[in-house]
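protein.txt (compact mmCIF, C-alpha atoms) appears below.
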# COMPACT_ATOMS: atom_id res chain seq x y z
CA MET A 263 -90.48 16.48 37.06
CA LYS A 264 -89.87 19.80 35.26
CA ALA A 265 -90.47 21.65 38.52
CA LEU A 266 -88.09 19.30 40.26
CA THR A 267 -85.45 19.95 37.60
CA ALA A 268 -85.86 23.71 38.00
CA ASP A 269 -85.50 23.43 41.77
CA LEU A 270 -82.41 21.29 41.36
CA ARG A 271 -80.79 23.79 39.02
CA LEU A 272 -81.56 26.64 41.41
CA GLY A 273 -80.34 24.64 44.39
CA THR A 274 -77.14 23.71 42.64
CA ALA A 275 -76.49 27.32 41.65
CA VAL A 276 -77.05 28.52 45.22
CA SER A 277 -74.90 25.74 46.62
CA THR A 278 -72.11 26.51 44.21
CA ALA A 279 -72.26 30.22 45.03
CA ALA A 280 -72.21 29.53 48.75
CA VAL A 281 -69.12 27.34 48.70
CA PRO A 282 -65.85 29.30 48.59
CA THR A 283 -63.68 28.27 45.68
CA THR A 284 -59.90 28.10 45.94
CA LEU A 285 -58.30 29.07 42.67
CA VAL A 286 -55.10 27.27 41.78
CA PRO A 287 -53.22 29.34 39.22
CA ALA A 288 -52.43 27.37 36.09
CA MET A 289 -49.22 27.74 34.17
CA THR A 290 -49.54 30.82 31.96
CA LEU A 291 -47.84 31.49 28.67
CA LEU A 292 -45.44 33.85 30.44
CA THR A 293 -44.46 31.05 32.84
CA HIS A 294 -43.70 28.73 29.93
CA LEU A 295 -41.57 31.44 28.28
CA VAL A 296 -39.63 32.01 31.51
CA TYR A 297 -38.98 28.26 31.84
CA ALA A 298 -37.83 28.01 28.23
CA LEU A 299 -35.58 31.04 28.57
CA ALA A 300 -34.12 29.62 31.78
CA TYR A 301 -32.97 26.32 30.33
CA LEU A 302 -31.79 27.98 27.12
CA ILE A 303 -29.60 30.33 29.17
CA ALA A 304 -28.44 27.39 31.29
CA GLY A 305 -27.46 25.46 28.18
CA VAL A 306 -25.53 28.39 26.69
CA ALA A 307 -23.84 29.05 30.04
CA ALA A 308 -22.82 25.40 30.43
CA GLY A 309 -21.33 25.29 26.94
CA ALA A 310 -19.51 28.58 27.43
CA ALA A 311 -18.17 27.53 30.84
CA LEU A 312 -16.81 24.26 29.46
CA TRP A 313 -15.17 26.08 26.56
CA ALA A 314 -13.60 28.61 28.99
CA LEU A 315 -12.33 25.92 31.36
CA ARG A 316 -11.07 23.64 28.60
CA PRO A 317 -10.02 25.88 25.69
CA GLU A 318 -7.98 23.07 24.17
CA ALA A 319 -11.08 20.87 23.86
CA ASP A 320 -13.06 20.59 20.66
CA PRO A 321 -15.73 23.39 20.52
CA LEU A 322 -18.21 20.78 19.33
CA VAL A 323 -18.05 19.11 22.75
CA ALA A 324 -19.04 22.37 24.43
CA TRP A 325 -21.97 22.77 22.04
CA LEU A 326 -23.09 19.17 22.74
CA VAL A 327 -22.97 19.75 26.51
CA GLY A 328 -25.03 22.90 26.10
CA ALA A 329 -27.54 21.05 23.92
CA LEU A 330 -27.85 18.28 26.53
CA VAL A 331 -28.60 20.86 29.22
CA VAL A 332 -31.27 22.43 27.00
CA LEU A 333 -32.81 19.01 26.30
CA ALA A 334 -32.79 18.16 29.99
CA GLY A 335 -34.51 21.44 30.75
CA ALA A 336 -37.10 20.85 28.00
CA LEU A 337 -37.81 17.38 29.39
CA ALA A 338 -38.27 18.76 32.90
CA HIS A 339 -40.54 21.45 31.44
CA GLU A 340 -42.65 18.80 29.71
CA VAL A 341 -42.95 16.74 32.91
CA VAL A 342 -44.05 19.77 34.92
CA THR A 343 -46.60 20.70 32.23
CA ARG A 344 -48.07 17.18 32.16
CA LEU A 345 -48.32 17.08 35.95
CA GLU A 346 -50.12 20.43 35.89
CA ARG A 347 -52.59 19.12 33.31
CA GLU A 348 -53.23 15.99 35.37
CA ARG A 349 -53.85 18.07 38.49
CA LYS A 350 -56.26 20.26 36.55
CA ALA A 351 -58.14 17.21 35.21
CA THR A 352 -58.28 15.72 38.70
CA ARG A 353 -59.75 18.94 40.10
CA ARG A 354 -62.37 19.04 37.34
CA ILE A 355 -63.42 15.43 37.96
CA ALA A 356 -63.50 16.06 41.72
CA GLY A 357 -65.75 19.04 41.06
CA LEU A 358 -68.01 16.87 38.90
CA ASN A 359 -68.25 14.31 41.71
CA GLU A 360 -69.20 17.07 44.14
CA ARG A 361 -71.93 18.28 41.78
CA VAL A 362 -73.33 14.75 41.50
CA GLU A 363 -73.33 14.42 45.29
CA GLU A 364 -75.14 17.76 45.59
CA LEU A 365 -77.68 16.56 43.03
CA ALA A 366 -78.23 13.38 45.05
CA GLN A 367 -78.79 15.38 48.23
CA LEU A 368 -81.21 17.77 46.54
CA LEU A 369 -83.12 14.86 45.01
CA GLU A 370 -83.32 13.21 48.39
CA GLN A 371 -84.69 16.34 50.05
CA ARG A 372 -87.23 17.15 47.30
CA LEU A 373 -88.45 13.62 46.67
CA ALA A 374 -88.70 12.90 50.38
CA THR A 375 -91.00 15.92 50.62
CA ASP A 376 -93.04 14.81 47.60
CA SER A 377 -93.40 11.25 48.89
CA GLY A 378 -95.76 12.38 51.64
CA ALA A 379 -98.06 14.11 49.17
CA GLN A 380 -98.02 11.57 46.31
CA PRO A 381 -98.95 7.88 46.60
CA ASP A 382 -96.11 6.79 44.34
CA GLY A 383 -93.56 9.23 45.80
CA ALA A 384 -91.53 6.59 47.62
CA VAL A 385 -91.26 4.38 44.54
CA ARG A 386 -90.27 7.32 42.34
CA TYR A 387 -87.74 8.44 44.95
CA ASP A 388 -86.06 5.01 45.09
CA ALA A 389 -85.97 4.72 41.30
CA VAL A 390 -84.40 8.13 40.71
CA MET A 391 -81.91 7.68 43.55
CA GLN A 392 -80.76 4.37 42.05
CA GLU A 393 -80.15 6.10 38.71
CA VAL A 394 -78.19 8.89 40.41
CA LYS A 395 -76.02 6.34 42.22
CA LEU A 396 -75.36 4.49 38.96
CA LEU A 397 -74.37 7.65 37.13
CA GLN A 398 -72.21 8.69 40.09
CA SER A 399 -70.36 5.37 40.02
CA LEU A 400 -69.78 5.72 36.25
CA VAL A 401 -68.32 9.19 36.72
CA ALA A 402 -66.04 7.86 39.46
CA ARG A 403 -64.96 5.00 37.21
CA LEU A 404 -63.62 7.45 34.63
CA THR A 405 -61.09 8.66 37.20
CA GLU A 406 -59.60 5.18 37.33
CA ARG A 407 -58.82 5.03 33.61
CA ARG A 408 -55.20 5.23 32.64
CA ALA A 409 -53.82 7.75 30.19
CA PRO A 410 -54.65 6.75 26.60
CA ARG A 411 -52.12 4.79 24.62
CA PRO A 412 -52.03 4.53 20.82
CA PRO A 413 -54.37 1.61 19.96
CA ALA A 414 -53.89 -0.85 17.17
CA ALA A 415 -55.89 -0.74 13.96
CA SER A 416 -59.52 -1.52 14.62
CA ALA A 417 -61.77 -4.06 12.97
CA GLU A 418 -65.43 -3.41 12.37
CA ARG A 419 -67.90 -4.95 14.76
CA HIS A 420 -70.97 -3.81 12.84
CA PRO A 421 -71.26 -3.05 9.13
CA PRO A 422 -71.79 0.61 8.20
CA PRO A 423 -75.38 1.65 7.53
CA PRO A 424 -76.56 1.62 3.93
CA ALA A 425 -76.99 4.76 1.91
CA THR A 426 -80.79 4.54 1.83
CA HIS A 427 -82.74 6.49 4.46
CA SER A 428 -86.35 6.72 5.36
CA ALA A 429 -88.37 9.21 7.33
CA ALA A 430 -89.01 8.62 11.00
CA PRO A 431 -92.15 6.54 11.53
CA SER A 432 -95.14 8.38 12.86
CA GLY A 433 -95.78 8.07 16.57
CA SER A 434 -92.18 7.18 17.37
CA PRO A 435 -90.88 8.35 20.73
CA PHE A 436 -87.91 10.10 19.19
CA GLY A 437 -87.10 13.14 17.10
CA ALA A 438 -85.19 13.74 13.89
CA ALA A 439 -81.81 12.18 13.38
CA ALA A 440 -78.75 14.29 14.04
CA PRO A 441 -76.53 14.93 11.02
CA SER A 442 -73.53 12.65 10.69
CA ALA A 443 -70.64 14.08 8.71
CA PRO A 444 -67.66 11.76 8.23
CA VAL A 445 -64.51 13.11 9.85
CA PRO A 446 -61.19 11.35 9.18
CA MET A 447 -59.78 10.27 12.54
CA ASP A 448 -57.04 7.86 13.47
CA ASP A 449 -57.53 5.32 16.26
CA ALA A 450 -55.85 7.50 18.90
CA ALA A 451 -58.15 10.42 18.04
CA VAL A 452 -61.22 8.15 18.16
CA LEU A 453 -60.20 6.86 21.59
CA GLU A 454 -59.70 10.39 22.91
CA ALA A 455 -63.09 11.43 21.47
CA VAL A 456 -64.80 8.49 23.22
CA ARG A 457 -63.19 9.36 26.56
CA ASP A 458 -64.16 13.01 26.17
CA ALA A 459 -67.73 12.08 25.18
CA LEU A 460 -68.11 9.87 28.25
CA LYS A 461 -66.97 12.67 30.54
CA ALA A 462 -69.14 15.29 28.81
CA ASP A 463 -72.26 13.06 28.51
CA ARG A 464 -72.21 13.02 24.70
CA ILE A 465 -73.17 9.34 24.30
CA ASP A 466 -76.41 9.69 22.36
CA VAL A 467 -79.14 7.06 22.33
CA TYR A 468 -80.70 6.04 19.01
CA LEU A 469 -83.75 3.84 18.45
CA GLN A 470 -84.67 1.67 15.47
CA PRO A 471 -88.08 -0.01 15.19
CA ILE A 472 -88.67 -3.74 14.95
CA VAL A 473 -91.98 -4.40 13.22
CA SER A 474 -94.45 -7.23 12.83
CA LEU A 475 -94.83 -8.65 9.34
CA PRO A 476 -96.66 -8.05 7.09
CA GLN A 477 -98.52 -5.37 9.08
CA ARG A 478 -95.35 -3.30 9.77
CA LYS A 479 -96.66 -2.40 13.21
CA HIS A 480 -93.99 -1.30 15.70
CA ARG A 481 -93.49 -3.98 18.34
CA PHE A 482 -90.03 -3.21 19.73
CA TYR A 483 -87.22 -0.70 19.48
CA GLU A 484 -83.53 -1.58 19.43
CA VAL A 485 -81.32 0.81 21.40
CA PHE A 486 -78.00 1.93 19.88
CA SER A 487 -75.25 4.22 21.12
CA ARG A 488 -73.56 6.95 19.09
CA VAL A 489 -70.54 8.96 20.21
CA ARG A 490 -70.85 12.67 19.50
CA ALA A 491 -67.50 14.44 19.11
CA ALA A 492 -66.91 17.92 20.50
CA ASP A 493 -67.51 19.47 17.06
CA GLY A 494 -70.93 17.77 16.79
CA HIS A 495 -69.94 15.04 14.33
CA GLN A 496 -70.96 11.48 15.12
CA ILE A 497 -68.57 8.56 15.44
CA MET A 498 -70.35 5.40 14.34
CA PRO A 499 -70.16 2.14 16.34
CA ASP A 500 -68.19 0.31 13.64
CA ARG A 501 -65.44 2.89 14.17
CA TYR A 502 -65.22 3.05 17.97
CA LEU A 503 -66.53 -0.22 19.46
CA ASP A 504 -63.41 -2.32 18.97
CA ILE A 505 -61.13 0.51 20.10
CA ALA A 506 -63.26 1.14 23.20
CA GLY A 507 -63.30 -2.60 23.90
CA ARG A 508 -59.52 -2.83 23.88
CA GLU A 509 -59.28 0.16 26.23
CA GLY A 510 -61.85 -1.19 28.72
CA LEU A 511 -64.50 1.45 27.95
CA ILE A 512 -67.20 -0.81 26.47
CA SER A 513 -68.73 -1.66 29.84
CA THR A 514 -68.99 2.06 30.70
CA ILE A 515 -70.76 2.76 27.39
CA ASP A 516 -73.09 -0.23 27.93
CA ASN A 517 -73.80 0.91 31.48
CA LEU A 518 -74.81 4.40 30.38
CA LEU A 519 -76.94 2.86 27.64
CA LEU A 520 -78.77 0.61 30.09
CA VAL A 521 -79.57 3.50 32.43
CA ARG A 522 -80.92 5.52 29.50
CA CYS A 523 -82.89 2.48 28.33
CA VAL A 524 -84.63 2.17 31.69
CA GLN A 525 -85.52 5.86 31.50
CA LEU A 526 -87.00 5.34 28.04
CA ILE A 527 -89.04 2.36 29.21
CA ARG A 528 -90.38 4.38 32.12
CA GLU A 529 -91.35 7.14 29.69
CA THR A 530 -93.30 4.71 27.50
CA GLU A 531 -95.00 3.37 30.63
CA ARG A 532 -96.08 6.88 31.53
CA ARG A 533 -97.53 7.32 28.03
CA GLN A 534 -99.05 3.81 28.17
CA HIS A 535 -97.18 2.54 25.10
CA ALA A 536 -97.06 -1.28 24.99
CA ILE A 537 -93.63 -1.67 23.45
CA GLY A 538 -90.36 -3.40 24.36
CA PHE A 539 -86.71 -2.46 24.00
CA PHE A 540 -83.70 -4.49 22.86
CA ALA A 541 -80.45 -3.40 24.54
CA ASN A 542 -77.10 -4.80 23.45
CA ILE A 543 -74.95 -5.97 26.33
CA SER A 544 -71.37 -7.18 26.17
CA ALA A 545 -69.62 -9.96 28.09
CA ALA A 546 -67.55 -7.24 29.82
CA THR A 547 -70.72 -5.62 31.19
CA LEU A 548 -72.11 -8.95 32.40
CA ALA A 549 -68.83 -9.57 34.22
CA ASP A 550 -68.94 -6.11 35.86
CA ALA A 551 -70.23 -7.30 39.23
CA GLU A 552 -70.41 -3.85 40.86
CA PHE A 553 -72.46 -2.30 38.07
CA MET A 554 -74.76 -5.30 37.70
CA ARG A 555 -75.45 -5.21 41.45
CA GLN A 556 -76.43 -1.54 41.29
CA PHE A 557 -78.40 -2.06 38.08
CA LEU A 558 -80.39 -4.92 39.57
CA ASN A 559 -81.10 -2.85 42.69
CA MET A 560 -82.48 -0.15 40.40
CA MET A 561 -84.61 -2.66 38.49
CA ALA A 562 -85.93 -4.04 41.78
CA GLN A 563 -87.54 -0.62 42.28
CA ASN A 564 -88.98 -0.84 38.75
CA HIS A 565 -89.88 -4.52 38.51
CA ALA A 566 -92.83 -3.80 36.22
CA LEU A 567 -90.31 -2.59 33.59
CA VAL A 568 -88.31 -5.84 33.54
CA PRO A 569 -90.50 -7.68 30.95
CA LYS A 570 -90.07 -4.77 28.51
CA LEU A 571 -86.27 -4.97 28.44
CA LEU A 572 -84.52 -7.67 26.40
CA PHE A 573 -80.76 -8.05 26.68
CA GLU A 574 -79.16 -8.83 23.32
CA LEU A 575 -75.93 -10.85 23.06
CA SER A 576 -74.02 -11.98 19.99
CA GLN A 577 -73.65 -15.64 19.12
CA HIS A 578 -69.88 -15.27 19.47
CA ASP A 579 -70.12 -13.84 23.03
CA LEU A 580 -72.46 -16.64 24.09
CA ARG A 581 -70.07 -19.30 22.84
CA ALA A 582 -66.91 -17.60 24.07
CA GLY A 583 -68.39 -16.88 27.52
CA GLY A 584 -69.29 -20.52 28.13
CA ALA A 585 -70.59 -21.60 31.52
CA VAL A 586 -69.66 -18.32 33.24
CA THR A 587 -71.80 -16.19 30.91
CA MET A 588 -74.66 -18.68 31.01
CA GLY A 589 -74.53 -18.71 34.81
CA ILE A 590 -74.93 -14.92 34.93
CA LEU A 591 -77.79 -15.11 32.43
CA SER A 592 -79.50 -17.74 34.59
CA GLN A 593 -79.41 -15.40 37.57
CA LEU A 594 -80.88 -12.58 35.48
CA ALA A 595 -83.54 -14.93 34.06
CA ARG A 596 -84.69 -15.82 37.58
CA LEU A 597 -85.39 -12.12 38.10
CA GLY A 598 -87.62 -12.06 35.01
CA PHE A 599 -85.24 -10.82 32.30
CA ARG A 600 -85.42 -12.21 28.77
CA PHE A 601 -82.72 -12.37 26.11
CA SER A 602 -82.12 -12.24 22.37
CA MET A 603 -79.24 -13.61 20.29
CA ASP A 604 -77.95 -11.64 17.29
CA GLN A 605 -74.98 -11.61 14.88
CA VAL A 606 -75.71 -15.24 14.01
CA THR A 607 -73.17 -16.73 11.60
CA ASP A 608 -73.71 -20.44 12.33
CA LEU A 609 -77.20 -21.95 11.93
CA SER A 610 -76.29 -24.89 14.19
CA ILE A 611 -78.14 -23.36 17.12
CA ASP A 612 -78.79 -25.25 20.36
CA LEU A 613 -82.38 -24.13 20.94
CA ASP A 614 -82.78 -26.23 24.09
CA ARG A 615 -79.85 -24.40 25.69
CA LEU A 616 -81.28 -21.02 24.70
CA LEU A 617 -84.70 -21.91 26.09
CA ARG A 618 -83.20 -22.96 29.44
CA HIS A 619 -81.77 -19.44 29.75
CA GLU A 620 -84.92 -17.55 28.66
CA PHE A 621 -83.84 -16.59 25.14
CA ARG A 622 -87.07 -15.55 23.43
CA CYS A 623 -85.74 -13.95 20.24
CA ILE A 624 -83.13 -14.74 17.58
CA LYS A 625 -82.05 -12.21 14.98
CA LEU A 626 -80.96 -13.42 11.56
CA ASP A 627 -79.26 -11.43 8.84
CA ARG A 628 -81.41 -11.03 5.73
CA ALA A 629 -78.56 -12.28 3.50
CA LEU A 630 -78.27 -15.43 5.63
CA VAL A 631 -82.03 -16.05 5.43
CA LEU A 632 -82.26 -15.57 1.66
CA ASP A 633 -79.16 -17.62 0.80
CA PRO A 634 -80.49 -20.62 -1.22
CA ALA A 635 -77.83 -22.84 0.35
CA ASN A 636 -79.44 -22.27 3.76
CA ALA A 637 -83.06 -22.75 2.69
CA ALA A 638 -83.58 -26.18 4.30
CA ARG A 639 -81.88 -25.25 7.58
CA ILE A 640 -83.75 -21.93 7.78
CA ARG A 641 -87.06 -23.70 7.23
CA GLU A 642 -86.27 -26.25 9.95
CA LEU A 643 -85.13 -23.52 12.37
CA ARG A 644 -88.29 -21.50 11.74
CA HIS A 645 -90.57 -24.47 12.45
CA ARG A 646 -88.71 -25.38 15.64
CA CYS A 647 -88.72 -21.79 16.91
CA ALA A 648 -92.45 -21.48 16.21
CA ALA A 649 -93.08 -24.66 18.22
CA GLU A 650 -90.90 -23.50 21.14
CA GLY A 651 -92.20 -19.92 21.29
CA ILE A 652 -89.01 -18.21 20.08
CA ASP A 653 -89.50 -15.21 17.79
CA LEU A 654 -87.27 -14.94 14.73
CA ILE A 655 -86.42 -11.42 13.53
CA VAL A 656 -84.94 -10.78 10.09
CA GLU A 657 -82.73 -7.69 10.17
CA LYS A 658 -81.16 -5.47 7.49
CA ILE A 659 -84.26 -5.33 5.29
CA GLU A 660 -83.61 -2.28 3.14
CA THR A 661 -85.90 -2.48 0.06
CA GLU A 662 -89.43 -3.55 -0.83
CA ASN A 663 -88.08 -6.39 -3.01
CA GLN A 664 -86.10 -7.75 -0.08
CA LEU A 665 -89.22 -7.57 2.08
CA VAL A 666 -91.20 -9.58 -0.48
CA ASP A 667 -88.52 -12.29 -0.46
CA VAL A 668 -88.53 -12.38 3.35
CA LEU A 669 -92.33 -12.61 3.50
CA ASP A 670 -92.18 -15.62 1.19
CA THR A 671 -90.13 -17.44 3.84
CA GLY A 672 -92.84 -16.89 6.48
CA PHE A 673 -91.05 -14.77 9.11
CA ASP A 674 -93.14 -12.67 11.49
CA PHE A 675 -90.77 -9.83 12.47
CA GLY A 676 -88.43 -7.55 10.53
CA GLN A 677 -85.95 -4.77 11.11
CA GLY A 678 -84.09 -2.50 8.73
CA TYR A 679 -83.92 0.91 7.08
CA LEU A 680 -87.07 0.10 5.10
CA PHE A 681 -89.09 0.35 8.34
CA GLY A 682 -87.10 3.18 9.89
CA GLU A 683 -83.49 4.19 10.38
CA PRO A 684 -82.02 4.64 13.88
CA ARG A 685 -83.28 7.99 15.15
CA LEU A 686 -82.08 10.14 18.02
CA SER A 687 -84.26 9.63 21.09
CA ARG A 688 -85.53 12.47 23.20
CA LYS A 689 -84.15 12.52 26.71
CA PRO A 690 -86.91 11.76 29.22
CA GLU A 691 -88.26 14.86 30.90

Rewrite the coordinates I just gave you, this time as structure tokens.
Amino acid sequence: MKALTADLRLGTAVSTAAVPTTLVPAMTLLTHLVYALAYLIAGVAAGAALWALRPEADPLVAWLVGALVVLAGALAHEVVTRLERERKATRRIAGLNERVEELAQLLEQRLATDSGAQPDGAVRYDAVMQEVKLLQSLVARLTERRAPRPPAASAERHPPPPATHSAAPSGSPFGAAAPSAPVPMDDAAVLEAVRDALKADRIDVYLQPIVSLPQRKHRFYEVFSRVRAADGHQIMPDRYLDIAGREGLISTIDNLLLVRCVQLIRETERRQHAIGFFANISAATLADAEFMRQFLNMMAQNHALVPKLLFELSQHDLRAGGAVTMGILSQLARLGFRFSMDQVTDLSIDLDRLLRHEFRCIKLDRALVLDPANAARIRELRHRCAAEGIDLIVEKIETENQLVDVLDTGFDFGQGYLFGEPRLSRKPE
């Protein structure tokens, strides 16, 4: 794969050098100064002409006319500048699309050659080509987004991480966490940072272990997304998820996350790690018919990876989606996918309904589990889930004392900073 990457880089460089590039001159500083001088002179001339033609008129009227001409010129200047910026952005996105198409062609040529020499060449070719098509469609989708508008104040979807941190667990398929320095940003700045990160591929993937209790052996990893701003600072999900949701960007973030998740699963398969991955998916992504079609085509080429991927939906999304969401989940379940429910706030859970749609895991907040008022209902839910083959996972376990309390309730799986904080994953080679 490294050799393939080197060939692709070389091929792209040659291709780029061979194609003549037409340079469209952008507006320079001198051009802006000439425009400004032009409408300033026009404004002064208009005021002076009115004063000369109507000397009996109030001089203030002449000054107002001149000011209106200057304002009209400034407005026209602003419109021209914005149009120039839009044309420049369009050219850059068109260039990015061309690069993706070149990459697809080079992959097709190289992998088609390799397929004759390697037994699994055809399978690897189909899998990589599906990922390229998915990424190409996501890039194209960014061109359809409207210009950003100032969003309303956001509400937190996830609570901020606690102050405690632990070292990365040994043997984890990820490296050290990137530093996260808080940067004050208003909602409009956050939205612009998310858009820029999507275009520049700065949506980082983080993994947090889910362990068996009391052994603390890693059984799964949950996949999270983090937006990395241009200056390297991270924007946490509780800050950008609601804003991105209102602007229609959540499905794009989820889509990128799913593609990366499949790459991670393939990497663990290559290293023969028996571990699964939880990937959060929103109702907007489930309703994205075009992406889901391409994603399922990709998974059809990697059917052995399907059992290792669990889609995670919140209790609120499951209830709000109703029959439509459940219908989509039924179709995915027939293909072998399994599901998990998280963000549980109501313990009145219809387990029969979840079982019919292949829900095999339920995540419960540690505070909800340890609340004495919920003791009887938690005990009943645990017994029923054990009988039906549904795994219960207690999340947000941060200290040893909390773990002792959870173990007393008899749960088999845990997640939290005590077992490992979310760590930046290495991109598959």

Identify, on the basis of only C-alpha atoms, every residue whose closest approach to Leu567 in chain A does not exceed 8 Å; exclude the query and any residue fewer than 6 positions from it along the same chain; express the result as a short mmCIF file (atom, residue, chain, number, x, y, z; two decimals) with C-alpha atoms, keeping the file's coordinate frame.
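Result file is part_16.cif:
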data_model
loop_
_atom_site.label_atom_id
_atom_site.label_comp_id
_atom_site.auth_asym_id
_atom_site.auth_seq_id
_atom_site.Cartn_x
_atom_site.Cartn_y
_atom_site.Cartn_z
CA VAL A 524 -84.63 2.17 31.69
CA ILE A 527 -89.04 2.36 29.21
CA ARG A 528 -90.38 4.38 32.12
CA MET A 561 -84.61 -2.66 38.49
#

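The closest residue to Leu643 in chain A, picked from A:Phe673, A:Tyr468, A:Phe601, A:Tyr297 and counting only C-alpha atoms, is A:Phe673.
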
One decimal, Å: what's the distance from CA of Ala298 in chain A over to CA of Thr352 in chain A, could you say?
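CA of Thr352 in chain A lies at a distance of 26.1 Å from CA of Ala298 in chain A.
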
Pick from A:Gly328, A:Leu572, A:Asp449, A:Pro476 nearest to Leu669 in chain A, counting all atoms listed in the file
A:Pro476

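Each of A:Thr671, A:Ser602, A:Gln664, A:Thr607 was compared to Glu574 in chain A using all atoms listed in the file, and A:Ser602 turns out to be the nearest.
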
Just to confirm, what's the straight-line distance from CA of Ala492 in chain A to CA of Ala462 in chain A in Å (one decimal)?
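According to the coordinates, CA of Ala492 in chain A and CA of Ala462 in chain A are separated by 9.0 Å.
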
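CA of Arg600 in chain A lies 5.9 Å from CA of Phe621 in chain A.
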
Please list as a PDB file with C-alpha atoms, keeping the file's coordinate frame every residue within 12 Å of Ala545 in chain A, counting only C-alpha atoms and excluding residues in the same chain fewer than 4 positions away.
ATOM      1  CA  GLY A 507     -63.300  -2.600  23.900  1.00  0.00           C
ATOM      2  CA  GLY A 510     -61.850  -1.190  28.720  1.00  0.00           C
ATOM      3  CA  ILE A 512     -67.200  -0.810  26.470  1.00  0.00           C
ATOM      4  CA  SER A 513     -68.730  -1.660  29.840  1.00  0.00           C
ATOM      5  CA  ASP A 516     -73.090  -0.230  27.930  1.00  0.00           C
ATOM      6  CA  ALA A 549     -68.830  -9.570  34.220  1.00  0.00           C
ATOM      7  CA  ASP A 550     -68.940  -6.110  35.860  1.00  0.00           C
ATOM      8  CA  ALA A 551     -70.230  -7.300  39.230  1.00  0.00           C
ATOM      9  CA  MET A 554     -74.760  -5.300  37.700  1.00  0.00           C
ATOM     10  CA  PHE A 573     -80.760  -8.050  26.680  1.00  0.00           C
ATOM     11  CA  GLU A 574     -79.160  -8.830  23.320  1.00  0.00           C
ATOM     12  CA  LEU A 575     -75.930 -10.850  23.060  1.00  0.00           C
ATOM     13  CA  SER A 576     -74.020 -11.980  19.990  1.00  0.00           C
ATOM     14  CA  GLN A 577     -73.650 -15.640  19.120  1.00  0.00           C
ATOM     15  CA  HIS A 578     -69.880 -15.270  19.470  1.00  0.00           C
ATOM     16  CA  ASP A 579     -70.120 -13.840  23.030  1.00  0.00           C
ATOM     17  CA  LEU A 580     -72.460 -16.640  24.090  1.00  0.00           C
ATOM     18  CA  ARG A 581     -70.070 -19.300  22.840  1.00  0.00           C
ATOM     19  CA  ALA A 582     -66.910 -17.600  24.070  1.00  0.00           C
ATOM     20  CA  GLY A 583     -68.390 -16.880  27.520  1.00  0.00           C
ATOM     21  CA  GLY A 584     -69.290 -20.520  28.130  1.00  0.00           C
ATOM     22  CA  VAL A 586     -69.660 -18.320  33.240  1.00  0.00           C
ATOM     23  CA  THR A 587     -71.800 -16.190  30.910  1.00  0.00           C
ATOM     24  CA  MET A 588     -74.660 -18.680  31.010  1.00  0.00           C
ATOM     25  CA  ILE A 590     -74.930 -14.920  34.930  1.00  0.00           C
ATOM     26  CA  LEU A 591     -77.790 -15.110  32.430  1.00  0.00           C
TER      27      LEU A 591
END

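Nearest residue to Leu686 in chain A, choosing from A:Ala562, A:Leu630, A:Ile465, A:Ala329 and counting only C-alpha atoms: A:Ile465.
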
Residue nearest Leu469 in chain A - candidates A:Arg344, A:Arg501, A:Arg522, A:Lys350, atoms counted: all atoms listed in the file
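For Leu469 in chain A, the nearest of the given residues is A:Arg522.
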
Give the answer as one residue: which of A:Val331, A:Val296, A:Ser687, A:Ile652 has the shortest atom-to-atom distance to Arg488 in chain A, using only C-alpha atoms?
A:Ser687
